[in-house]
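Working notes for the structure below.
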Amino acid sequence: MDMQARIRQHFIASIETKQQATEVLTPAIERAGARMVDTLLAGGKILACGNGGSAGDSQHFSSELLNRFERERPSLPAIALTTDSSTLTSIANDYSYNEVFSKQVRALGQAGDVLLAISTSGNSANVLAAIAAAHDREMPVVALTGRDGGSMASLLLPEDVEIRVPAKVTARIQEVHLLVIHCLCDFIDNQLFGAE
Ligand SMILES: O=C(CO)[C@@H](O)[C@H](O)[C@H](O)[C@H](O)COP(=O)(O)O
Ligand SMILES: [Zn+2]
């Protein structure tokens with residue numbers, strides 16, 4: 001296959017994954033958005049975590065809340081648990097990499113805050129531990145997953161929301177996760193600040 005054909009194939013696969021995900025994910029995105037709006041209206045905040053590309057997604061989401069998405073509006077409270085290298089390295093060094101997010105959830109999370117937990121496999125041990133910590137703190141979880149949902153799917157409680165991308169390739173799942181994050185930002189702005 002020549003390289004242009006290969007590149008075109010990525011576009012086509014990404015478009016097809018998004019088309020397949022549209023109807024499957026829309027109700028769960030609406031539920032997740034409503035959960036986040038309830039939390040923000042009650043004075044709570046959203047903590048986000050994930051590894052690799054999903055760490056980037058966590059930061060992408062928190063910056064869109066803290067700064068802005070597509071309109072002028074007040075800053076909204078969100079924290080990416082993926083950014084403080086001193087905290088991350090000391091927890092990993094002194095305890096375990098599996099605890100880098102859960103220790104932050106236990107320190108920063110309050111009952112009613114939301115944990116946005118992102119993992120394409122649903123099997124990252126530090127994200128699973130963050131979910132357990134969120135449950136201990138009485139925080140609802142919005143989980144962005146893929147494949148079969150992994151161990152995350154079985155850890156979630158009925159009040160949590162799983163948004164599971166119907167795909168197997170990590171890159172394709174991540175591409176839909178970013179779209180979901182933008183849908184959530186638009187949902188939050190629309191519900192808190194009115195339709196535009
Ligand atoms: O972005 C990519 C691959 O597209 C990678 O950095 C990827 O995020 C990393 O391998 C992660 O560690 C995968 O973790 P997870 O999605 O299975 O929780
Ligand atoms: Zn990636």
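For the structure tokens, the naming scheme is as follows: chains receive sequential letters (A, B, ...) according to their order of presentation, residues are indexed from 1 within each chain, and ligands are indexed from 1 in presentation order.
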Could you give me the residues within segment 110-166 of chain A that DSSP places in strand (DSSP E or B), as an NGL selection string? :A and (114-118 or 141-145 or 161-164)
Can I get the selected residues back with C-alpha atoms, as a short mmCIF file (atom, residue, chain, number, x, y, z; two decimals), in the first residue's frame?
data_model
loop_
_atom_site.label_atom_id
_atom_site.label_comp_id
_atom_site.auth_asym_id
_atom_site.auth_seq_id
_atom_site.Cartn_x
_atom_site.Cartn_y
_atom_site.Cartn_z
CA VAL A 114 -17.18 13.66 39.51
CA LEU A 115 -14.22 11.48 38.50
CA LEU A 116 -13.68 11.39 34.72
CA ALA A 117 -11.74 8.12 34.28
CA ILE A 118 -10.30 7.52 30.79
CA VAL A 141 -17.65 8.22 37.97
CA VAL A 142 -17.89 8.97 34.27
CA ALA A 143 -15.78 6.32 32.51
CA LEU A 144 -14.57 6.65 28.91
CA THR A 145 -13.61 3.15 27.76
CA VAL A 161 -21.86 6.30 33.57
CA GLU A 162 -19.73 4.28 31.14
CA ILE A 163 -19.20 5.68 27.65
CA ARG A 164 -17.74 2.65 25.82
#
Throw together the list of residues within 10 Å of ligand 1, counting only C-alpha atoms and all ligand atoms, and drop it here as JSON, numbers by chain. {"A": [49, 50, 51, 52, 53, 54, 55, 56, 57, 117, 118, 119, 120, 121, 122, 123, 124, 125, 126, 127, 128, 144, 145, 146, 147, 150, 152, 169, 170, 171, 172, 173, 174, 175]}
With C-alpha atoms retained, could you export that selection as a short mmCIF file (atom, residue, chain, number, x, y, z; two decimals), in the first residue's frame?
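Produced file result36.cif, reproduced below:
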data_model
loop_
_atom_site.label_atom_id
_atom_site.label_comp_id
_atom_site.auth_asym_id
_atom_site.auth_seq_id
_atom_site.Cartn_x
_atom_site.Cartn_y
_atom_site.Cartn_z
CA CYS A 49 -7.22 10.94 34.92
CA GLY A 50 -5.77 8.52 32.36
CA ASN A 51 -2.44 7.37 30.90
CA GLY A 52 -0.60 8.38 27.73
CA GLY A 53 -3.06 9.79 25.20
CA SER A 54 -5.74 9.63 27.87
CA ALA A 55 -3.58 11.81 30.16
CA GLY A 56 -3.64 14.33 27.31
CA ASP A 57 -7.42 13.94 27.09
CA ALA A 117 -11.74 8.12 34.28
CA ILE A 118 -10.30 7.52 30.79
CA SER A 119 -8.86 4.22 29.53
CA THR A 120 -9.14 2.69 26.07
CA SER A 121 -8.62 -0.85 27.46
CA GLY A 122 -10.47 -0.30 30.71
CA ASN A 123 -7.61 -2.14 32.39
CA SER A 124 -5.09 0.48 33.56
CA ALA A 125 -4.47 -0.35 37.23
CA ASN A 126 -4.00 3.27 38.33
CA VAL A 127 -7.32 4.29 36.75
CA LEU A 128 -9.06 1.32 38.40
CA LEU A 144 -14.57 6.65 28.91
CA THR A 145 -13.61 3.15 27.76
CA GLY A 146 -13.40 0.98 24.64
CA ARG A 147 -13.14 -2.66 23.55
CA GLY A 150 -12.17 -4.18 30.64
CA MET A 152 -13.43 -0.84 34.67
CA VAL A 169 -7.96 -0.10 18.00
CA THR A 170 -6.55 2.27 20.65
CA ALA A 171 -6.09 5.20 18.26
CA ARG A 172 -9.68 4.96 16.99
CA ILE A 173 -11.03 4.76 20.55
CA GLN A 174 -8.98 7.82 21.54
CA GLU A 175 -10.29 9.77 18.54
#
Neighbours of Gly109 of chain A within 9 Å (only C-alpha atoms; same-chain residues fewer than 3 positions away dropped), as a short mmCIF file (atom, residue, chain, number, x, y, z; two decimals) with N, CA and C atoms, in the first residue's frame?
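Wrote it out as around38.cif, contents follow:
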data_model
loop_
_atom_site.label_atom_id
_atom_site.label_comp_id
_atom_site.auth_asym_id
_atom_site.auth_seq_id
_atom_site.Cartn_x
_atom_site.Cartn_y
_atom_site.Cartn_z
N LYS A 45 -16.66 19.79 41.71
CA LYS A 45 -15.65 19.89 40.65
C LYS A 45 -15.47 18.54 39.97
N ILE A 46 -14.72 18.56 38.88
CA ILE A 46 -14.49 17.33 38.12
C ILE A 46 -12.98 17.03 38.11
N LEU A 47 -12.61 15.83 38.57
CA LEU A 47 -11.23 15.36 38.52
C LEU A 47 -11.09 14.40 37.34
N GLN A 104 -4.37 11.10 44.89
CA GLN A 104 -4.85 12.47 44.63
C GLN A 104 -6.37 12.55 44.77
N VAL A 105 -7.07 11.51 44.34
CA VAL A 105 -8.54 11.50 44.50
C VAL A 105 -8.89 11.55 45.98
N ARG A 106 -8.17 10.75 46.80
CA ARG A 106 -8.47 10.74 48.24
C ARG A 106 -8.17 12.10 48.87
N GLY A 112 -19.75 14.01 45.88
CA GLY A 112 -20.50 14.74 44.86
C GLY A 112 -19.65 15.25 43.72
N ASP A 113 -18.32 15.33 43.91
CA ASP A 113 -17.45 15.64 42.77
C ASP A 113 -17.55 14.47 41.77
N VAL A 114 -17.18 14.74 40.52
CA VAL A 114 -17.18 13.66 39.51
C VAL A 114 -15.74 13.27 39.19
N LEU A 115 -15.49 11.96 39.05
CA LEU A 115 -14.22 11.48 38.50
C LEU A 115 -14.44 11.12 37.04
N ALA A 133 -11.13 4.72 44.73
CA ALA A 133 -11.00 5.87 45.65
C ALA A 133 -12.20 6.81 45.51
N ALA A 134 -12.64 7.02 44.27
CA ALA A 134 -13.81 7.90 44.05
C ALA A 134 -15.04 7.31 44.74
N ARG A 137 -14.99 8.02 48.30
CA ARG A 137 -15.29 9.44 48.56
C ARG A 137 -16.73 9.82 48.16
N GLU A 138 -17.51 8.82 47.75
CA GLU A 138 -18.90 9.06 47.29
C GLU A 138 -18.94 10.01 46.10
N MET A 139 -18.03 9.80 45.20
CA MET A 139 -17.99 10.57 43.95
C MET A 139 -18.50 9.70 42.81
#
Which of these residues is nearest to ligand 2, using only C-alpha atoms and all ligand atoms: A:Ile29, A:Leu81, A:Leu178, A:Cys183?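 Residue with the minimum atom-to-atom distance to ligand 2: A:Leu178.
The shell of residues at most 6 Å from Ala80 of chain A, with only C-alpha atoms counted and near chain neighbours (fewer than 5 positions) removed, consists of Leu47, Ala48, Ser58, Gln59 and Ser62 of chain A.
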Resulting file, chosen residues, N, CA and C atoms, as a PDB file, in the first residue's frame:
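In the end it all went to part.pdb:
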ATOM      1  N   LEU A  47     -12.611  15.829  38.567  1.00  0.00           N
ATOM      2  CA  LEU A  47     -11.229  15.357  38.523  1.00  0.00           C
ATOM      3  C   LEU A  47     -11.090  14.404  37.337  1.00  0.00           C
ATOM      4  N   ALA A  48      -9.999  14.502  36.599  1.00  0.00           N
ATOM      5  CA  ALA A  48      -9.844  13.663  35.399  1.00  0.00           C
ATOM      6  C   ALA A  48      -8.500  12.952  35.425  1.00  0.00           C
ATOM      7  N   SER A  58      -7.339  14.064  29.524  1.00  0.00           N
ATOM      8  CA  SER A  58      -7.711  14.596  30.844  1.00  0.00           C
ATOM      9  C   SER A  58      -7.384  16.077  30.919  1.00  0.00           C
ATOM     10  N   GLN A  59      -6.194  16.438  30.422  1.00  0.00           N
ATOM     11  CA  GLN A  59      -5.761  17.835  30.449  1.00  0.00           C
ATOM     12  C   GLN A  59      -6.547  18.677  29.449  1.00  0.00           C
ATOM     13  N   SER A  62      -9.856  19.360  31.235  1.00  0.00           N
ATOM     14  CA  SER A  62      -9.780  20.305  32.364  1.00  0.00           C
ATOM     15  C   SER A  62      -9.489  21.716  31.858  1.00  0.00           C
TER      16      SER A  62
END
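Restricting the calculation to only C-alpha atoms, the smallest distance between Gly43 of chain A and any of A:Thr89, A:Thr26, A:Gln4, A:Gln110 is found for A:Gln110.
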Looking only at the backbone, which of the residues in chain A does DSSP tag as helix (DSSP H, G or I), as a ChimeraX atom specification? /A:3-41,53-66,85-94,97-99,102-108,125-136,150-155,170-193
Produce a file of the selected residues containing C-alpha atoms, as a tab-separated table (two decimals), in the first residue's frame.
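What landed in selection.tsv:
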chain	number	residue	atom	x	y	z
A	3	MET	CA	1.62	5.91	2.00
A	4	GLN	CA	-1.20	8.16	0.77
A	5	ALA	CA	-3.49	5.15	0.59
A	6	ARG	CA	-2.45	4.25	4.13
A	7	ILE	CA	-3.22	7.79	5.35
A	8	ARG	CA	-6.61	7.75	3.61
A	9	GLN	CA	-7.33	4.44	5.32
A	10	HIS	CA	-6.82	6.08	8.75
A	11	PHE	CA	-9.33	8.80	7.84
A	12	ILE	CA	-11.88	6.27	6.59
A	13	ALA	CA	-11.47	4.05	9.67
A	14	SER	CA	-11.84	7.06	11.99
A	15	ILE	CA	-14.98	8.26	10.18
A	16	GLU	CA	-16.50	4.76	10.27
A	17	THR	CA	-15.78	4.38	13.99
A	18	LYS	CA	-17.47	7.70	14.71
A	19	GLN	CA	-20.48	6.75	12.58
A	20	GLN	CA	-20.82	3.42	14.41
A	21	ALA	CA	-20.49	5.19	17.77
A	22	THR	CA	-23.05	7.97	17.18
A	23	GLU	CA	-26.27	6.19	18.17
A	24	VAL	CA	-24.58	3.86	20.67
A	25	LEU	CA	-22.97	6.65	22.71
A	26	THR	CA	-25.43	9.55	22.54
A	27	PRO	CA	-27.68	8.48	25.49
A	28	ALA	CA	-24.66	7.80	27.75
A	29	ILE	CA	-23.07	11.16	26.83
A	30	GLU	CA	-26.33	12.90	27.76
A	31	ARG	CA	-26.38	11.06	31.14
A	32	ALA	CA	-22.73	11.92	31.79
A	33	GLY	CA	-23.27	15.57	30.87
A	34	ALA	CA	-26.26	15.80	33.22
A	35	ARG	CA	-24.18	14.27	36.04
A	36	MET	CA	-21.44	16.85	35.47
A	37	VAL	CA	-23.92	19.75	35.32
A	38	ASP	CA	-25.52	18.61	38.61
A	39	THR	CA	-22.07	18.51	40.23
A	40	LEU	CA	-21.08	21.96	38.96
A	41	LEU	CA	-24.43	23.50	40.00
A	53	GLY	CA	-3.06	9.79	25.20
A	54	SER	CA	-5.74	9.63	27.87
A	55	ALA	CA	-3.58	11.81	30.16
A	56	GLY	CA	-3.64	14.33	27.31
A	57	ASP	CA	-7.42	13.94	27.09
A	58	SER	CA	-7.71	14.60	30.84
A	59	GLN	CA	-5.76	17.83	30.45
A	60	HIS	CA	-7.67	18.79	27.30
A	61	PHE	CA	-10.95	18.45	29.23
A	62	SER	CA	-9.78	20.31	32.36
A	63	SER	CA	-8.39	23.21	30.31
A	64	GLU	CA	-11.68	23.58	28.46
A	65	LEU	CA	-13.50	23.85	31.78
A	66	LEU	CA	-10.94	26.01	33.58
A	85	SER	CA	5.33	15.63	38.07
A	86	SER	CA	6.56	15.99	41.68
A	87	THR	CA	3.40	14.38	43.02
A	88	LEU	CA	3.31	11.71	40.30
A	89	THR	CA	6.98	10.72	40.68
A	90	SER	CA	6.97	10.70	44.47
A	91	ILE	CA	3.86	8.52	44.70
A	92	ALA	CA	5.25	6.17	42.04
A	93	ASN	CA	8.67	6.12	43.75
A	94	ASP	CA	7.52	5.73	47.35
A	97	TYR	CA	2.54	3.76	39.96
A	98	ASN	CA	-0.86	2.16	40.53
A	99	GLU	CA	-1.54	4.77	43.26
A	102	SER	CA	-6.01	7.30	43.73
A	103	LYS	CA	-3.94	9.18	46.33
A	104	GLN	CA	-4.85	12.47	44.63
A	105	VAL	CA	-8.54	11.50	44.50
A	106	ARG	CA	-8.47	10.74	48.24
A	107	ALA	CA	-6.79	14.12	48.93
A	108	LEU	CA	-8.79	16.37	46.58
A	125	ALA	CA	-4.47	-0.35	37.23
A	126	ASN	CA	-4.00	3.27	38.33
A	127	VAL	CA	-7.32	4.29	36.75
A	128	LEU	CA	-9.06	1.32	38.40
A	129	ALA	CA	-7.60	2.40	41.77
A	130	ALA	CA	-8.81	5.97	41.14
A	131	ILE	CA	-12.34	4.65	40.59
A	132	ALA	CA	-12.20	2.69	43.87
A	133	ALA	CA	-11.00	5.87	45.65
A	134	ALA	CA	-13.81	7.90	44.05
A	135	HIS	CA	-16.36	5.39	45.32
A	136	ASP	CA	-14.85	5.65	48.82
A	150	GLY	CA	-12.17	-4.18	30.64
A	151	SER	CA	-12.09	-4.39	34.44
A	152	MET	CA	-13.43	-0.84	34.67
A	153	ALA	CA	-16.83	-1.92	33.40
A	154	SER	CA	-17.32	-4.38	36.27
A	155	LEU	CA	-16.07	-1.90	38.88
A	170	THR	CA	-6.55	2.27	20.65
A	171	ALA	CA	-6.09	5.20	18.26
A	172	ARG	CA	-9.68	4.96	16.99
A	173	ILE	CA	-11.03	4.76	20.55
A	174	GLN	CA	-8.98	7.82	21.54
A	175	GLU	CA	-10.29	9.77	18.54
A	176	VAL	CA	-13.85	9.14	19.70
A	177	HIS	CA	-12.94	9.94	23.33
A	178	LEU	CA	-11.86	13.43	22.24
A	179	LEU	CA	-15.17	13.91	20.40
A	180	VAL	CA	-17.03	12.78	23.53
A	181	ILE	CA	-15.07	15.31	25.61
A	182	HIS	CA	-16.11	18.09	23.23
A	183	CYS	CA	-19.74	16.92	23.41
A	184	LEU	CA	-19.54	17.06	27.23
A	185	CYS	CA	-18.07	20.60	27.13
A	186	ASP	CA	-20.83	21.75	24.78
A	187	PHE	CA	-23.47	20.06	26.97
A	188	ILE	CA	-22.14	21.79	30.10
A	189	ASP	CA	-21.98	25.24	28.46
A	190	ASN	CA	-25.43	24.83	26.93
A	191	GLN	CA	-27.07	23.72	30.19
A	192	LEU	CA	-25.30	26.23	32.45
A	193	PHE	CA	-25.20	29.27	30.22
Separation of atom CA of Asp148 of chain A and atom CA of Val100 of chain A, in Å?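 Value for the atom CA of Asp148 of chain A-atom CA of Val100 of chain A distance: 24.6 Å.
Counting only C-alpha atoms and comparing A:Glu196, A:Phe101, A:Asp2, A:Pro140, the residue that lies closest to Pro158 of chain A is A:Pro140.
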